Structures are given as structure tokens and as C-alpha cells.
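Participant: Compact mmCIF, C-alpha atoms, file model05.txt:
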# COMPACT_ATOMS: atom_id res chain seq x y z
CA MET A 1 25.96 -25.88 -10.74
CA THR A 2 22.63 -26.06 -12.55
CA LYS A 3 21.25 -22.70 -13.54
CA LYS A 4 17.92 -22.03 -11.87
CA HIS A 5 15.01 -21.30 -14.21
CA SER A 6 12.93 -18.69 -12.47
CA ILE A 7 9.19 -19.03 -12.96
CA LYS A 8 7.85 -16.14 -15.00
CA THR A 9 5.39 -13.85 -13.27
CA TYR A 10 3.48 -12.11 -16.05
CA ASP A 11 2.63 -8.46 -15.99
CA THR A 12 -0.73 -7.70 -17.60
CA GLU A 13 0.77 -6.75 -20.96
CA SER A 14 2.78 -9.97 -21.34
CA TYR A 15 -0.14 -12.05 -20.06
CA ARG A 16 -2.35 -10.49 -22.75
CA ASP A 17 0.21 -11.31 -25.44
CA LYS A 18 0.47 -14.90 -24.24
CA TYR A 19 -3.12 -15.87 -23.43
CA ILE A 20 -5.56 -13.38 -25.00
CA ARG A 21 -6.37 -13.26 -28.71
CA SER A 22 -5.42 -10.06 -30.46
CA GLY A 23 -7.89 -8.00 -32.45
CA GLN A 24 -10.19 -5.02 -32.48
CA LYS A 25 -12.52 -6.48 -29.85
CA VAL A 26 -9.87 -6.78 -27.15
CA ASP A 27 -8.34 -3.44 -28.16
CA SER A 28 -11.68 -1.75 -27.48
CA MET A 29 -12.10 -3.51 -24.12
CA LEU A 30 -8.61 -2.91 -22.72
CA LYS A 31 -7.76 0.77 -22.71
CA SER A 32 -4.28 2.29 -22.64
CA ASP A 33 -2.43 1.63 -19.37
CA PHE A 34 -4.47 -1.55 -18.86
CA GLY A 35 -1.42 -2.94 -17.07
CA LYS A 36 -2.35 -0.78 -14.08
CA PHE A 37 -6.09 -1.43 -14.14
CA PHE A 38 -8.86 -2.79 -16.31
CA MET A 39 -12.44 -3.99 -15.91
CA VAL A 40 -14.49 -6.01 -18.39
CA LYS A 41 -17.56 -8.20 -18.51
CA VAL A 42 -16.44 -11.72 -17.68
CA GLU A 43 -18.67 -13.29 -20.38
CA GLU A 44 -16.96 -11.16 -23.04
CA MET A 45 -13.39 -11.72 -21.86
CA ILE A 46 -13.64 -15.53 -21.67
CA LEU A 47 -14.45 -15.67 -25.40
CA LEU A 48 -11.11 -13.98 -26.15
CA MET A 49 -8.95 -16.31 -24.06
CA LYS A 50 -6.63 -18.90 -25.61
CA LEU A 51 -7.93 -21.88 -23.68
CA PRO A 52 -6.87 -23.80 -21.76
CA VAL A 53 -4.83 -21.33 -19.70
CA PRO A 54 -2.07 -23.34 -17.96
CA PRO A 55 -0.78 -22.63 -14.44
CA ALA A 56 0.65 -19.10 -14.32
CA ARG A 57 0.93 -16.11 -12.01
CA THR A 58 0.65 -12.36 -12.60
CA THR A 59 1.70 -9.13 -10.89
CA ASN A 60 -1.91 -7.92 -10.59
CA HIS A 61 -4.80 -8.92 -8.36
CA THR A 62 -7.91 -10.28 -10.12
CA ILE A 63 -11.51 -10.20 -8.90
CA ILE A 64 -14.34 -12.08 -10.60
CA TYR A 65 -17.92 -11.34 -9.54
CA LEU A 66 -20.87 -13.23 -11.02
CA THR A 67 -24.39 -11.97 -11.58
CA GLU A 68 -25.46 -15.18 -13.37
CA GLY A 69 -24.17 -18.72 -13.96
CA GLU A 70 -21.00 -20.27 -12.60
CA ALA A 71 -17.22 -20.11 -12.99
CA VAL A 72 -14.53 -22.68 -12.24
CA MET A 73 -10.87 -21.85 -11.63
CA ASN A 74 -7.84 -23.52 -10.08
CA ILE A 75 -6.21 -21.23 -7.52
CA GLY A 76 -3.15 -22.52 -5.74
CA SER A 77 -3.62 -26.25 -5.26
CA GLU A 78 -7.43 -26.07 -4.97
CA THR A 79 -10.30 -25.91 -7.47
CA TYR A 80 -13.04 -23.36 -6.81
CA LYS A 81 -16.50 -22.97 -8.30
CA ILE A 82 -18.55 -19.82 -7.73
CA PHE A 83 -22.13 -18.90 -8.60
CA LYS A 84 -24.38 -15.86 -8.71
CA ASP A 85 -23.60 -13.25 -6.00
CA GLU A 86 -20.16 -14.72 -5.33
CA CYS A 87 -16.61 -13.47 -5.86
CA LEU A 88 -13.40 -15.28 -6.69
CA ILE A 89 -10.10 -13.57 -5.87
CA VAL A 90 -6.70 -14.35 -7.37
CA PRO A 91 -4.05 -12.41 -5.39
CA ALA A 92 -1.00 -11.07 -7.20
CA GLY A 93 1.67 -13.78 -7.32
CA GLN A 94 -0.74 -16.68 -6.75
CA VAL A 95 -0.73 -19.54 -9.26
CA PHE A 96 -4.00 -20.01 -11.18
CA SER A 97 -5.33 -21.80 -14.26
CA PHE A 98 -8.63 -22.52 -16.00
CA ARG A 99 -9.78 -24.65 -18.90
CA ASN A 100 -13.34 -24.08 -20.06
CA ILE A 101 -15.76 -21.43 -21.29
CA ASP A 102 -18.22 -21.20 -18.39
CA ILE A 103 -21.78 -20.04 -18.96
CA ASN A 104 -22.09 -16.92 -16.83
CA LYS A 105 -22.34 -13.15 -16.61
CA GLY A 106 -20.55 -10.73 -14.35
CA TYR A 107 -17.41 -8.66 -14.06
CA LEU A 108 -13.67 -9.24 -14.12
CA CYS A 109 -11.32 -6.65 -12.66
CA SER A 110 -7.51 -6.62 -12.71
CA PHE A 111 -5.51 -4.07 -10.73
CA HIS A 112 -2.05 -3.35 -9.39
CA ASP A 113 -1.56 -2.33 -5.75
CA ASP A 114 -0.09 1.04 -6.68
CA PHE A 115 -3.03 2.06 -8.83
CA VAL A 116 -5.75 1.37 -6.27
CA VAL A 117 -3.98 2.94 -3.33
CA GLY A 118 -3.41 6.15 -5.30
CA LYS A 119 -3.52 9.28 -3.18
CA PHE A 120 -6.26 8.02 -0.89
CA GLY A 121 -4.35 5.61 1.31
CA LYS A 122 -1.04 4.59 2.84
CA SER A 123 1.22 2.24 0.92
CA ASP A 124 0.28 -0.81 3.03
CA LEU A 125 -3.47 -0.12 2.87
CA LEU A 126 -4.27 -3.24 0.87
CA LYS A 127 -2.75 -5.47 3.57
CA ASP A 128 -5.98 -4.82 5.48
CA PHE A 129 -7.78 -6.96 2.89
CA GLU A 130 -6.86 -10.55 3.72
CA PHE A 131 -8.40 -11.89 0.52
CA LEU A 132 -5.62 -10.11 -1.44
CA ARG A 133 -2.96 -12.20 0.36
CA ILE A 134 -1.81 -15.55 -1.03
CA TRP A 135 -2.94 -17.30 2.15
CA GLY A 136 -6.40 -15.70 2.20
CA ASN A 137 -9.72 -17.31 1.32
CA PRO A 138 -10.28 -16.69 -2.43
CA GLU A 139 -13.98 -17.63 -2.40
CA ILE A 140 -16.37 -14.99 -1.05
CA ARG A 141 -20.15 -15.34 -0.79
CA LEU A 142 -22.03 -12.05 -0.67
CA ASN A 143 -25.31 -11.58 1.14
CA GLU A 144 -28.17 -9.98 -0.80
CA PRO A 145 -27.68 -6.36 0.35
CA THR A 146 -23.90 -6.47 -0.15
CA SER A 147 -24.27 -8.09 -3.56
CA GLY A 148 -26.54 -5.23 -4.59
CA PHE A 149 -23.97 -2.65 -3.49
CA VAL A 150 -21.11 -4.56 -5.14
CA ASN A 151 -23.07 -4.95 -8.38
CA ASN A 152 -23.71 -1.20 -8.51
CA LEU A 153 -20.04 -0.43 -7.85
CA PHE A 154 -18.86 -2.79 -10.58
CA LYS A 155 -21.40 -1.32 -12.98
CA ARG A 156 -20.31 2.24 -12.19
CA ILE A 157 -16.59 1.48 -12.48
CA LEU A 158 -17.06 -0.36 -15.78
CA GLU A 159 -19.08 2.54 -17.16
CA GLU A 160 -16.30 4.96 -16.23
CA TYR A 161 -13.56 2.68 -17.55
CA ALA A 162 -15.32 1.88 -20.84
CA THR A 163 -15.87 5.61 -21.48
CA ASN A 164 -12.64 7.19 -20.23
CA GLY A 165 -10.17 4.41 -19.48
CA ILE A 166 -8.19 5.44 -16.39
CA GLN A 167 -8.08 9.15 -17.21
CA ASN A 168 -10.20 9.92 -14.15
CA GLN A 169 -8.14 7.85 -11.73
CA ASP A 170 -9.57 9.52 -8.63
CA ILE A 171 -13.05 8.30 -9.51
CA ILE A 172 -11.98 4.72 -10.15
CA GLN A 173 -9.71 4.59 -7.09
CA SER A 174 -12.50 5.86 -4.83
CA TYR A 175 -15.00 3.33 -6.12
CA MET A 176 -12.42 0.50 -5.98
CA LEU A 177 -11.67 1.18 -2.32
CA ALA A 178 -15.42 1.19 -1.62
CA LEU A 179 -15.73 -2.09 -3.52
CA LEU A 180 -12.92 -3.74 -1.56
CA CYS A 181 -14.44 -2.54 1.72
CA GLU A 182 -17.85 -3.98 0.78
CA ILE A 183 -16.28 -7.34 -0.06
CA ASN A 184 -14.23 -7.25 3.13
CA HIS A 185 -17.38 -6.67 5.16
CA VAL A 186 -18.67 -10.17 4.31
CA TYR A 187 -15.30 -11.91 3.89
CA LYS A 188 -14.85 -15.07 5.95
CA PRO A 189 -11.32 -16.40 6.59
CA ILE A 190 -10.54 -20.05 5.97
CA SER A 191 -10.37 -20.49 9.74
CA ASN A 192 -13.39 -19.78 11.91
CA ILE A 193 -11.04 -18.16 14.43
CA PRO A 194 -9.05 -15.78 12.19
CA TYR A 195 -7.07 -13.99 14.85
CA SER A 196 -5.98 -16.97 16.93
CA ALA A 197 -2.29 -17.62 17.45
CA ALA A 198 -2.63 -20.82 15.40
CA SER A 199 -4.19 -19.05 12.41
CA ILE A 200 -1.59 -16.27 12.44
CA LEU A 201 1.20 -18.86 12.54
CA THR A 202 -0.44 -20.83 9.72
CA ASN A 203 -0.71 -17.73 7.52
CA ARG A 204 2.95 -16.91 8.09
CA PHE A 205 3.83 -20.51 7.22
CA LYS A 206 1.88 -20.32 3.94
CA GLU A 207 3.65 -17.13 2.95
CA LEU A 208 7.02 -18.67 3.70
CA ILE A 209 6.47 -21.83 1.67
CA SER A 210 5.30 -19.71 -1.26
CA SER A 211 8.62 -17.86 -1.36
CA ASN A 212 11.02 -20.62 -0.18
CA ILE A 213 9.65 -23.82 -1.69
CA ARG A 214 12.51 -24.38 -4.11
CA THR A 215 15.11 -24.56 -1.34
CA LYS A 216 13.24 -25.64 1.80
CA HIS A 217 11.19 -28.85 1.87
CA ARG A 218 11.17 -29.91 5.51
CA VAL A 219 8.76 -28.90 8.23
CA THR A 220 11.76 -28.32 10.46
CA ASP A 221 13.07 -25.69 8.01
CA TYR A 222 9.92 -23.62 8.40
CA ALA A 223 9.62 -24.22 12.13
CA LEU A 224 13.11 -22.76 12.48
CA LEU A 225 12.18 -19.70 10.41
CA LEU A 226 9.06 -19.22 12.52
CA ASN A 227 10.87 -19.83 15.81
CA VAL A 228 8.52 -22.64 16.91
CA SER A 229 8.89 -26.38 17.30
CA PRO A 230 7.98 -28.62 14.32
CA ASN A 231 5.34 -30.31 16.48
CA HIS A 232 3.70 -26.99 17.35
CA LEU A 233 3.74 -25.90 13.70
CA ASN A 234 2.17 -29.18 12.61
CA LYS A 235 -0.57 -29.00 15.21
CA SER A 236 -1.40 -25.37 14.36
CA VAL A 237 -1.51 -25.88 10.59
CA LYS A 238 -3.55 -29.08 10.91
CA ALA A 239 -6.05 -27.43 13.26
CA ILE A 240 -6.59 -24.44 10.96
CA THR A 241 -6.48 -26.05 7.50
CA GLY A 242 -7.22 -29.72 8.05
CA LYS A 243 -3.95 -30.57 6.26
CA SER A 244 -0.52 -31.25 7.72
CA SER A 245 2.44 -28.95 7.18
CA SER A 246 4.16 -31.60 5.05
CA LYS A 247 1.04 -31.87 2.87
CA TRP A 248 1.12 -28.11 2.25
CA ILE A 249 4.81 -28.35 1.33
CA ASP A 250 4.21 -31.26 -1.07
CA GLU A 251 1.28 -29.52 -2.76
CA THR A 252 3.32 -26.35 -3.24
CA ILE A 253 6.18 -28.34 -4.80
CA VAL A 254 3.73 -29.95 -7.24
CA LEU A 255 2.20 -26.56 -8.06
CA GLU A 256 5.62 -25.02 -8.72
CA SER A 257 6.50 -28.00 -10.91
CA LYS A 258 3.31 -27.61 -12.96
CA VAL A 259 4.15 -23.99 -13.73
CA LEU A 260 7.71 -24.92 -14.75
CA LEU A 261 6.36 -27.73 -16.91
CA HIS A 262 4.23 -25.28 -18.88
CA GLN A 263 6.71 -22.40 -19.00
CA SER A 264 9.91 -24.27 -19.88
CA ASN A 265 11.23 -27.07 -22.08
CA LEU A 266 12.78 -28.86 -19.11
CA THR A 267 12.36 -32.60 -18.69
CA ILE A 268 10.64 -34.01 -15.63
CA ASN A 269 14.02 -34.92 -14.14
CA GLU A 270 15.33 -31.40 -14.76
CA ILE A 271 12.23 -29.91 -13.17
CA ALA A 272 12.77 -32.10 -10.13
CA ILE A 273 16.23 -30.58 -9.72
CA GLU A 274 14.86 -27.06 -10.28
CA VAL A 275 12.50 -27.44 -7.32
CA GLY A 276 15.25 -28.91 -5.15
CA HIS A 277 14.43 -32.64 -5.45
CA TYR A 278 17.46 -34.74 -6.31
CA ASP A 279 15.68 -38.02 -5.51
CA GLN A 280 14.03 -38.67 -8.87
CA SER A 281 11.96 -41.62 -7.72
CA TYR A 282 10.48 -39.67 -4.79
CA PHE A 283 9.68 -36.73 -7.04
CA SER A 284 7.92 -39.04 -9.51
CA ARG A 285 5.80 -40.51 -6.70
CA LEU A 286 5.01 -37.00 -5.45
What is this structure when it is put down as C-alpha cells?

Facilitator:
Amino acid sequence: MTKKHSIKTYDTESYRDKYIRSGQKVDSMLKSDFGKFFMVKVEEMILLMKLPVPPARTTNHTIIYLTEGEAVMNIGSETYKIFKDECLIVPAGQVFSFRNIDINKGYLCSFHDDFVVGKFGKSDLLKDFEFLRIWGNPEIRLNEPTSGFVNNLFKRILEEYATNGIQNQDIIQSYMLALLCEINHVYKPISNIPYSAASILTNRFKELISSNIRTKHRVTDYALLLNVSPNHLNKSVKAITGKSSSKWIDETIVLESKVLLHQSNLTINEIAIEVGHYDQSYFSRL
């Protein structure tokens, strides 16, 4: 039996070692315990990255908020571009990559669930923020008042972090919860009807393919897990996302293969087997 090569999910420390240049500049920006939380100016961090950053995933959530310019990032199987007064969210465990030094200004924040919840909330508090789920909408446009509030919160948190690191966790946690609530106030789901039965089913489907893609490739597999008919699953997913269930499955297989291609020395044929495709010609076409 072929040994499965698990895709590496980087914690913040190992991601820094792999993709961020070492030196005094980064040491001054990322304080001790930066694996739990850090905040920097996005225009300063991008200059320290070892570009291009290939498809990877981390254990932390990342929020980028721009005050000027634009930023481009691949998240999941889509490419997103944001501008002034907009946020881009990369949930923990989601695959992302980026290539270029964008001309912009703003803030970049990385945090682990445990740090933000702290003593102020229940353990599943962050589940209330859909944009922190893999199936959420990662692109958030802020209206003018909310952008002003968010800008002030980022500025205040960065000031605290740059001065004291995470020594005063209560302060940072309080402001971070306020920040997430402000973003959530203007968040718009991918579907215009976020709480319909179809959208709930679609979100559950997306979560399942994310965790089962290397062993389950058929729509019927997921319909069985969700206790619905394949036809009903297809209709629901197509209505909410504009793409068929099989298209979502294929795109996730390709995404998983891209990460393996960058993280391992496997051949294309070996990668095909790793993601559960033993038909080499079909995998090549895919």
C-alpha cells in the first residue's frame, strides 16, 4: 500500500521559517509568541516575503485590510483582488498563495482561535463569524463608517502590539472581538439567502469536500454523508454557487494536488495516486 503524504499545515513559526526572510527587521515586527497573534503593516510585511509564495495552509486565521492600493491573493480555487476599505480573509486551514509585491498600505493580522477567544467568550464563539469558515466569503467590502471604525481598531491594536507584544492580552482580545464584530456587521455571504436550506446544505458540502477529498470523489459519496439525494445536492449547490457539485470536487482535487506538488518531491503520477486518482489519463486532463 502506498504511504499517504499528508499535506503540511504550517503553524506561524514554521511558515515564517519557510516563507519570510530572517533578519533584524522581521524580529522587531514579530514579537515573542507571534505564533498566537501578530499584527503588522501589510506594506512592510510584503517586502520580507520570499516570493512567490506557493499554495499552502496555516493553523491561524489571517485578515488583510487596505487603507490604500490593492492586493491580489489566491484563496481556495479563486483569485481575489481587494482595494481601499476592503478586507480579505484567509481562514485557518484554507489553501492560499500569492506572487507579487502589490502597491498598497494597510494592516495584516494573524491569530489563532484560542488567543482571540481568551477569557471573554465560549470556545465556539468564533463560529459566529462565517468569514472565518473555509466555506465563507473571504472578500468583505466595508462601508465608510465601518471602515473608519475598523481602521481605528487596527491602528490601536498595532500600537499595543508594537509596544508590548501580547503582554496585555486582555486589551488585544477585547479590541479583536470588537474588530471581528464590526467586520461581521457588513459581511455578505456568497449566497444572497444565507440561511436557506440550500445554502446550509452547500456549506456543509464544502466543509466535507475539504476534509474528505483524497478518498471521496463522487457526488453520490457526499450526498450519502449529507443524507440527501445526489440530484438534490446538485441543485442546491448549483443554485447557491453557480457551479455544480462535481465542479467543486474537481477544483478541490486540483487545489490539493497543487499543494502536494509544491510541498513534496512526488511525480505527477504519484500525486494522482495520493489524491485517490488511479486513472492517470483522467487526472492529467483534470

Participant: Would you list the contacts of stretch 137-147 of chain A as a PyMOL selection string, taking every protein, DNA or RNA residue within 10 Å and counting all atoms listed in the file, but skipping same-chain residues closer than 4 positions in sequence?

Facilitator: chain A and resi 63-67+75-76+80-91+130-133+151-153+179+182-191

Participant: Can you tell me how far atom CA of A:Arg21 sits from atom CA of A:Lys41, in Å to one decimal?

Facilitator: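 These two atoms are separated by 16.0 Å.
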
Participant: So how far away is atom CA of A:Phe111 from atom CA of A:Leu260, in Å?

Facilitator: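 Result for atom CA of A:Leu260 versus atom CA of A:Phe111: 25.0 Å, one decimal.
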
Participant: Return the single residue from A:Leu224, A:Ile101, A:Leu261, A:Ala239 that is closest to A:Leu48, with distances computed using all atoms listed in the file.

Facilitator: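 Smallest separation from A:Leu48 among the options: A:Ile101.
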
Participant: Measure the distance from atom CA of A:Gly93 to atom CA of A:Thr252 in Å and round it to one decimal.

Facilitator: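 Spanning atom CA of A:Gly93 to atom CA of A:Thr252 is a straight-line distance of 13.3 Å.
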
Participant: Identify the residues within 12 Å of coordinate (-1.7, 4.8, -14.0) (same frame as the file), considering all atoms listed in the file, and give the answer as a PyMOL selection string.

Facilitator: chain A and resi 31-38+111-119+165-170+172-173
